[in-house]
Structures are given as structure tokens and as C-alpha cells.
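Participant: To start, I am sharing the structure in question, which I have written as C-alpha cells.
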Amino acid sequence: MEKNKALRALVVAPTPTWPLNYGNRKRIYSVCSKLQSLGFEIHYVHYASEGDWRDYTPVETRKKMDEQWELVDHVWPSKPLHDWPKEGDDHYIDEWWDWALENHLSKTFASREYDVCIVNYTWLSKALELAPEKTYKVLDTHDKFSGRRELLASQGIGKEFFHTTENQEVIALDRADLVWAIKEEEEADFKNMGTKAKVSTLLHIDDRREASTPSIEEGVKFGFIGANNNINRVNILRFIERATPIFKKYCAPLTVEIAGSICNEIEVQDNPFFKAVGYVDSIDQFYDGIHAAIIPMEFSTGLKIKVAEALSHTKPMFSHKHAMEGFTACHNFHELTSFEEMALAMTDCSYASDELIYLSDASAKSHKVTEQKIWDELSELKEDILKHKQVFVLLPSEYGMKNKLAHYIAQAKIDLCNWNFKHASYFVVGKPTEGRPHSKFINFVEAQDLEKIITEQKPTTLLNLSETFPNIKIEANTLVISLIPFESDKIKNKLTYKSYNSVVDKHYFPSLGHIHLDLEVTKQKIEECWVIGSTNTSLSDQFISLLADTKEVRNINITTLADIDNLFTSSSGLPKIIINTKSDEVLSYSEQVMLEIAEKYDVEIRNITHNQLLYLKRSNEKGKYDRQFFPSWEKFIQHHFISKKVFSI
């Protein structure tokens with residue numbers, strides 16, 4: 001097993017992460033770069049669906065993306081892109097799915113393991129179905145696509161891009177373990193749709209930058225930058241229409257600069273308050289040239305990247321209340337209720353520009369709050385992934401009692417789990433014993449609570465170190481490795497390990513390891529011969545008598561670990577010989593442990609069922625057990641904990 005390897009994230013998106021000239025590109029880049037800082041290795045699969053990739057390959061962009069992420073694949077579409085719905089008014093959720101992307105992802109998942117798969121946009125959610133069960137699945141929605149057509153129609157805008165129904169959108173959401181809404185309002189909408197996935201909000205904000213400020217001598221410069229789409233066009237034209245009379249009425253000493261491809265759709269040559277500057281080479285340069293940003297958006301979908309940009313440049317901001325959805329408002333001008341109110345606030349500040357200082361501080365505060373929410377959400381994702389991968393260990397109630405054999409067996413396994421699996425969780429079913437100290441890392445739970453935790457966290461493995469097991473349901477995606485066999489059909493994927501084998505096999509999982517029993521009985525040998533099981537032939541009895549010689553023969557009946565504890569209590573030491581009359585497959589767990597103790601403490605072991613051992617004493621010189629313990633553990637881990645046939649940790 002690799003130690004301390006980075007968590008691997010496969011990110012699927014229909015947009016490149018360079019240049020960062022569109023909001024969706026900034027969003028995806030921000031998420032991936034933050035995950036890198038949290039210890040994730042990013043494998044970026046770019047489904048090249050955007051216009052600048054249609055007819056040629058941007059070489060410089062590819063080079064830049066190769067520098068951004070550990071691995072980058074580009075998949076070119078094999079079908080026409082962004083078609084209208086084939087049936088009815090809305091798209092089916094998989095209507096834009098492409099077999100070329102499916103083929104690429106199938107091969108990718110077959111050749112490499114990933115801790116998490118993050119798919120961007122619901123119309124690519126089918127990619128999550130290709131990820132194996134052990135991979136944590138995240139859908140970053142960016143936007144709510146059900147109801148989109150109706151929203152645009154209510155504003156006099158025709159249908160555009162992708163739009164679907166709630167029933168179809170739920171299909172996409174249910175494919176994920178975690179759904180990211182881009183603002184709280186859409187999180188509530190997704191939950192109300194009845195999705196089975198966990199839903200939370202992942203906001204967006206760019207890294208903070210201290211922008212410079214131009215001179216105020218020529219009046220206050222406000223700025224708006226936007227891409228050419230119908231939502232931006234309708235909003236900015238409505239704002240110009242409603243704000244211009246107010247600016248004229250009060251002779252406002254201000255100018256509103258409009259930048260971006262949206263300028264292709266507006267004409268303001270005859271308006272003294274508005275200026276179209278067109279496409280800008282540098283967004284930073286644009287913000288350096290204005291005193292304050294405006295966000296005139298009274299309707300839209302998704303999160304307003306324009307707000308994130310303004311806050312990131314710590315610019316004073318005048319925003320419609322709708323545009324601030326998802327962000328924390330820190331000034332009254334962040335939540336203006338109409339375009340007329342925005343125009344009046346801008347006019348006031350054009351005459352009293354000192355107010356811009358307080359607005360700048362408010363933007364910095366809002367940015368800080370938003371950024372912390374993002375880090376909290378991504379950190380929670382990492383914890384969810386680690387829980388999804390973790391090992392659960394069920395400890396016996398005797399753990400911590402150093403006069404009990406069960407304690408030493410559990411301690412040996414805890415040390416091993418802490419070595420191999422940093423995020424193992426430990427449980428005892430029941431309540432802690434009153435007045436007895438317990439280790440802080442142990443979780444005491446009732447059976448039904450343990451079942452709920454396993455269902456929610458989906459651990460890859462449950463290691464049972466107790467001689468009992470609660471009657472709870474565990475599905476096949478969690479492997480149960482136990483020291484006792486199970487008869488319950490509620491446990492689908494299980495294996496019982498062998499603590500002792502005369503011939504080591506892949507189920508051999510030694511119990512005691514480097515842990516030595518702190519018991520006087522292990523420190524001396526007594527003139528006794530202990531016999532496990534019973535004999536049915538006179539030949540066997542003669543053989544036992546021959547081996548015992550003058551030693552007292554004691555038949556031991558061991559059905560639980562407590563029986564071994566009682567045996568040690570009544571004995572002053574270990575015998576010089578233990579004779580096993582049973583074959584390996586019928587030995588109970590406690591009998592296996594007894595033989596393992598004998599092997600560890602250099603007791604002669606004879607096995608009647610193995611003919612060769614009638615003549616040859618099993619070679620178990622002092623220290624052999626300890627030397628073979630760690631290799632045996634690693635072999636067991638290799639066969640079961642990281643076997644691709646079962647699952648991977």
C-alpha cells in the first residue's frame with residue numbers, strides 16, 4: 001500500500017481552465033487549485049465543447065493547462081454540440097452525452113484508481129455512472145437547469161443553451177454522492193426535488209487582489225463587464241433605460257463604463273453617462289480604471305461571477321439584491337431593491353465620494369466571509385472522502401483490561417491499523433463501563449447507531465475484533481473481516497480470518513503480533529501436555545501418551561477467549577507440549593489463538609492430522625513468530641484490503 005499518497009481527483013468539465021476569461025472557467029479553476037492545496041492530485045478531462053476549440057487546437061492554452069494540473073486529457077466531441085431538444089420543449093438529461101467521452105472515461109477508470117470524481121454540469125452527469133463504487137462522486141451543478149426555459153420566457157427571452165425538467169434533473173443529482181449547488185437558494189431547490197444525494201453549497205470567489213484607484217477629478221467611474229448573452233443584454237438595457245433619467249435629473253458627475261462582448265449588443269453613443277469600451281485584454285486593468293463596480297441583475301440563473309470579481313478586486317460595489325444571492329451583504333448598497341434605487345445610490349456617491357472608502361471595506365469583508373465558506377466546504381469534502389475510504393474497527397468491551405486476552409488481540413490490531421490506515425475509526429457496541437477509564441479514540445455506540453453510521457459513511461472495511469457481532473445490516477460494498485464466522489444474511493461481503501495455520505494461506509491473519517501478554521503464565525513452562533480436541537482411536541491415544549512421556553495430560557475445552565483467560569488463571573505456566581487433534585478448518589477461533597500463543601512463546605506443537613508432524617516437531621524457535629508477524633500482516637493486507645477484486649483503500 002502506498003504511504004502518504006495524494007488523494008486523486010478526476011475532474012470532468014466542458015470548458016478549459018485557460019484563459020480565465022469566463023466565469024465558469026474561473027469557477028472550475030478555483031475549485032481545482034484549492035483542492036490541490038488540500039493535497040489532491042488533479043487529473044483534468046476536458047470535453048472540448050466551447051467555441052474556441054471547435055475548429056483548431058489552441059496550443060498555448062494546452063501548454064498552460066499542462067502546467068496547471070498533474071494530468072490533462074482533451075476529448076473532442078464526436079457529435080453536433082448544443083442541439084435543441086429532440087422531443088418536447090426541454091432536453092432529456094443525457095441528450096448531450098457523447099460516446100467519445102464515455103469511451104475515454106471507461107478506459108481511464110479501468111487503468112487508474114481515483115478517490116473522487118467531480119463532474120461539472122448536470123448534462124455531463126452520466127460520467128458519474130462510469131466511476132467505480134469506491135470512488136466518491138461529486139456533481140458541481142453551476143446552475144439549475146430545470147425551469148430555465150420558463151424563467152427566460154417570463155422575461156421575454158427565447159430558450160437558449162440547456163434546459164430540462166425537474167424529473168430529468170433529479171436523475172442527474174441522484175448519480176452523485178454529493179451535489180454542489182452554487183448558492184443556497186438552489187441548494188434548497190435541489191433538496192425540494194427529492195434527490196437522494198447529499199446537497200450543499202459551494203460558492204465561488206476569486207483570490208483577493210488590491211486594485212488601484214484612478215483620480216476622482218473627472219468624476220466617479222462605475223464599471224460593468226459582461227459576456228454577450230441574453231440575460232446580460234436584457235438586464236443592462238433595462239438598467240440604462242431606468243437609470244439615465246435619474247442621472248439627468250441630478251446632473252450626476254459620473255460615467256458607467258461597459259466592457260466585454262456584451263458591447264456588441266448595446267448602443268450608448270448618444271448617452272453621456274454610459275460608455276461602451278468593448279473587449280478588454282486584462283480584467284485587472286479594467287477594475288484598476290474604475291472607482292466602483294455595478295451589478296445590475298434583477299433576474300438570472302446561478303451565481304453572479306460579476307459579484308465575485310468585484311469583491312475579489314475589493315472594489316466598492318452597487319448591486320441589485322437578486323445578484324447578491326449566495327454572497328454575504330456587508331453594506332446596504334449590496335442589496336438594492338430596484339434599478340432606480342441603484343441609480344440614486346450611485347448619484348449620491350458621485351457627490352460624496354468618501355462613502356466609497358466604506359464600500360471598499362465592505363467588499364473586503366464580504367470576500368473574506370465567502371472565501372471561508374468555500375474552504376470549509378472543500379475541507380468537508382476531503383473529510384467525506386476519507387470517511388468513504390476508511391476502516392472501521394469493532395473492539396471488544398474488554399479492551400483496556402490488561403488481564404484479558406481480548407485486550408491484547410485488539411491492541412495488536414489497533415497498532416497495525418494506525419500504521420496502515422491513518423483514518424481508521426474504532427467502536428464498541430454498548431455503553432462504557434461506569435467508573436472505568438477508556439481511551440478517547442473509542443466511540444461507544446448502540447447497534448442501530450452503528451448501522452446508521454456505516455450506511456452514511458460507507459467504510460470500505462469493517463474489522464471485527466469482538467467475539468460477538470450486532471444484528472445489523474451491512475451491504476456488499478463494505479467488506480467485513482472478522483475473527484468469528486457470521487451466520488446472518490444481513491452481511492453480504494464477509495470473510496473470517498485464521499489466527500493460526502500449520503500451513504500459511506492468504507486468510508492467515510495473526511492476532512498477537514508484537515504485543516506480549518503481560519501475564520505470569522507466559523514466563524515459565526510446566527510439566528504438562530495440553531490436548532486440544534478429543535481422540536477417537538487407540539492409536540491417537542498411544543501417540544499422545546508417547547509424546548507426553550511423564551508429563552501430566554490435560555484436555556482443554558476452549559470455546560471463547562474467556563476460556564483461555566480462565567485456563568491461565570488456574571495454571572502456573574504454559575505447557576511444554578500442545579497436541580492438536582483437529583484439522584485447521586475445524587479449529588474454533590479461540591483454539592487457533594491458543595495455538596498461536598503456544599507458537600509465540602516457544603511451546604512445542606504437534607498436530608495429529610498432519611502425518612509429517614508425527615515425526616518432525618514444528619520448528620518454532622524463539623523469536624520466529626515475531627519475525628513472521630509483519631510479513632504475514634502485509635500479505636493479508638495485499639490479498640484482502642487492497643485486492644482489486646474486492647475494493648481498494
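Chain identifiers are assigned as A, B, and so on, following the order in which chains appear in the C-alpha cells; residues are numbered from 1 within each chain, and ligands are numbered from 1 in order of appearance.
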Write out as JSON, numbers by chain which residues come within 10 Å of range 382-384 of chain A when counting only C-alpha atoms, dropping same-chain ones fewer than 5 positions away.

Facilitator: {"A": [7, 35, 38, 39, 40, 115, 116, 136, 177, 178, 377, 389, 390, 423, 456, 457, 458]}

Participant: Output N, CA, C and O atoms of each residue in that selection to a file, as a compact mmCIF listing (two decimals), in the first residue's frame.

Facilitator:
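result-v5.txt written:
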```txt
# COMPACT_ATOMS: atom_id res chain seq x y z
N LEU A 7 -4.42 12.41 -2.49
CA LEU A 7 -5.73 11.97 -2.95
C LEU A 7 -5.87 12.32 -4.43
O LEU A 7 -5.46 13.39 -4.87
N LEU A 35 -8.31 22.46 -4.27
CA LEU A 35 -8.17 21.04 -3.95
C LEU A 35 -6.70 20.62 -4.00
O LEU A 35 -6.25 19.81 -3.18
N LEU A 38 -5.13 21.30 -0.85
CA LEU A 38 -5.58 20.39 0.20
C LEU A 38 -5.00 18.98 0.04
O LEU A 38 -5.36 18.07 0.78
N GLY A 39 -4.10 18.81 -0.93
CA GLY A 39 -3.42 17.53 -1.08
C GLY A 39 -3.96 16.65 -2.17
O GLY A 39 -3.65 15.46 -2.22
N PHE A 40 -4.75 17.20 -3.10
CA PHE A 40 -5.31 16.41 -4.19
C PHE A 40 -4.42 16.51 -5.43
O PHE A 40 -3.90 17.58 -5.76
N ASP A 115 -9.87 8.71 -5.98
CA ASP A 115 -10.58 8.85 -4.72
C ASP A 115 -11.89 9.60 -4.90
O ASP A 115 -12.86 9.36 -4.20
N VAL A 116 -11.92 10.54 -5.86
CA VAL A 116 -13.12 11.33 -6.10
C VAL A 116 -13.21 11.64 -7.59
O VAL A 116 -12.19 11.85 -8.26
N TYR A 136 -15.64 8.36 -4.73
CA TYR A 136 -16.63 9.31 -4.23
C TYR A 136 -17.04 10.21 -5.39
O TYR A 136 -16.20 10.75 -6.12
N ASP A 177 -22.82 11.22 -4.98
CA ASP A 177 -22.83 11.12 -3.52
C ASP A 177 -23.04 12.51 -2.92
O ASP A 177 -23.68 12.66 -1.88
N LEU A 178 -22.47 13.51 -3.59
CA LEU A 178 -22.56 14.90 -3.13
C LEU A 178 -22.88 15.79 -4.32
O LEU A 178 -22.24 15.70 -5.37
N GLU A 377 -16.29 24.16 2.92
CA GLU A 377 -16.97 23.15 2.11
C GLU A 377 -15.98 22.17 1.48
O GLU A 377 -16.21 20.95 1.49
N LYS A 389 -13.41 6.08 2.57
CA LYS A 389 -12.33 5.13 2.35
C LYS A 389 -11.90 4.42 3.63
O LYS A 389 -11.10 3.50 3.59
N GLN A 390 -12.39 4.83 4.75
CA GLN A 390 -11.78 4.43 5.99
C GLN A 390 -12.11 3.00 6.42
O GLN A 390 -13.02 2.36 5.92
N HIS A 423 -6.90 6.85 9.01
CA HIS A 423 -8.23 7.36 9.33
C HIS A 423 -9.17 6.24 9.80
O HIS A 423 -10.37 6.31 9.58
N GLU A 456 -24.23 5.66 6.22
CA GLU A 456 -23.94 7.02 5.79
C GLU A 456 -22.50 7.18 5.30
O GLU A 456 -22.24 7.82 4.28
N GLN A 457 -21.54 6.58 6.01
CA GLN A 457 -20.14 6.82 5.70
C GLN A 457 -19.54 5.80 4.74
O GLN A 457 -18.48 6.03 4.17
N LYS A 458 -20.22 4.64 4.59
CA LYS A 458 -19.80 3.63 3.62
C LYS A 458 -18.32 3.27 3.74
O LYS A 458 -17.55 3.42 2.79
```

Participant: From range 218-416 of chain A, collect each residue whose DSSP state is strand (DSSP E or B) and return the set as an NGL selection string.

Facilitator: :A and (220-225 or 254-259 or 274-278 or 292-295 or 317-320 or 336 or 391-394)

Participant: Taking the DSSP assignment computed from this structure's backbone, write out as a PyMOL selection string all residues of range 393-468 of chain A that belong to alpha helix (DSSP H).

Facilitator: chain A and resi 405-420+447-457

Participant: Please produce an output containing C-alpha atoms for each residue in the selection, written as a PDB file, in the first residue's frame.

Facilitator:
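Written file, selection36.pdb:
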```
ATOM      1  CA  LEU A 405      -6.629 -11.809  26.263  1.00  0.00           C
ATOM      2  CA  ALA A 406      -9.160  -9.921  24.121  1.00  0.00           C
ATOM      3  CA  HIS A 407      -7.431  -6.667  25.085  1.00  0.00           C
ATOM      4  CA  TYR A 408      -4.049  -7.773  23.693  1.00  0.00           C
ATOM      5  CA  ILE A 409      -5.539  -9.040  20.447  1.00  0.00           C
ATOM      6  CA  ALA A 410      -7.339  -5.731  19.936  1.00  0.00           C
ATOM      7  CA  GLN A 411      -4.226  -3.718  20.830  1.00  0.00           C
ATOM      8  CA  ALA A 412      -2.122  -5.559  18.251  1.00  0.00           C
ATOM      9  CA  LYS A 413      -4.702  -4.812  15.529  1.00  0.00           C
ATOM     10  CA  ILE A 414      -5.052  -1.157  16.596  1.00  0.00           C
ATOM     11  CA  ASP A 415      -1.308  -0.653  16.230  1.00  0.00           C
ATOM     12  CA  LEU A 416      -1.403  -2.189  12.763  1.00  0.00           C
ATOM     13  CA  CYS A 417      -4.433  -0.172  11.669  1.00  0.00           C
ATOM     14  CA  ASN A 418      -2.815   3.042  12.861  1.00  0.00           C
ATOM     15  CA  TRP A 419       0.257   2.120  10.833  1.00  0.00           C
ATOM     16  CA  ASN A 420      -1.554   1.345   7.578  1.00  0.00           C
ATOM     17  CA  ALA A 447     -26.134  -1.245  17.427  1.00  0.00           C
ATOM     18  CA  GLN A 448     -28.723   0.771  15.486  1.00  0.00           C
ATOM     19  CA  ASP A 449     -26.467   3.843  15.584  1.00  0.00           C
ATOM     20  CA  LEU A 450     -23.531   1.832  14.238  1.00  0.00           C
ATOM     21  CA  GLU A 451     -25.707   0.581  11.372  1.00  0.00           C
ATOM     22  CA  LYS A 452     -26.677   4.166  10.536  1.00  0.00           C
ATOM     23  CA  ILE A 453     -23.054   5.357  10.602  1.00  0.00           C
ATOM     24  CA  ILE A 454     -21.969   2.520   8.292  1.00  0.00           C
ATOM     25  CA  THR A 455     -24.814   3.321   5.888  1.00  0.00           C
ATOM     26  CA  GLU A 456     -23.935   7.024   5.788  1.00  0.00           C
ATOM     27  CA  GLN A 457     -20.137   6.824   5.701  1.00  0.00           C
TER      28      GLN A 457
END
```

Participant: Identify, on the basis of only C-alpha atoms, every residue whose closest approach to Ser583 in chain A does not exceed 7 Å; exclude the query and any residue fewer than 3 positions from it along the same chain; express the result as a PyMOL selection string.

Facilitator: chain A and resi 586-587+609

Participant: So which one's closest to Ile118 in chain A, A:Val12, A:Val393, A:Val220, A:Ala343? Using only C-alpha atoms, please.

Facilitator: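 Among the listed residues, the smallest separation from Ile118 in chain A belongs to A:Val12.
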
Participant: So the first atom is CA of His438 in chain A and the second is CA of Asp518 in chain A; what is the distance between them in Å, to one decimal place?

Facilitator: 18.9 Å

Participant: Determine, counting only C-alpha atoms, which protein, DNA and RNA residues have an atom within 10 Å of an atom of Tyr47 in chain A; residues of the same chain fewer than 4 positions away are not included. Present the result as a VMD selection string.

Facilitator: chain A and resid 12 to 16 53 73 to 77 98 100 to 101 124
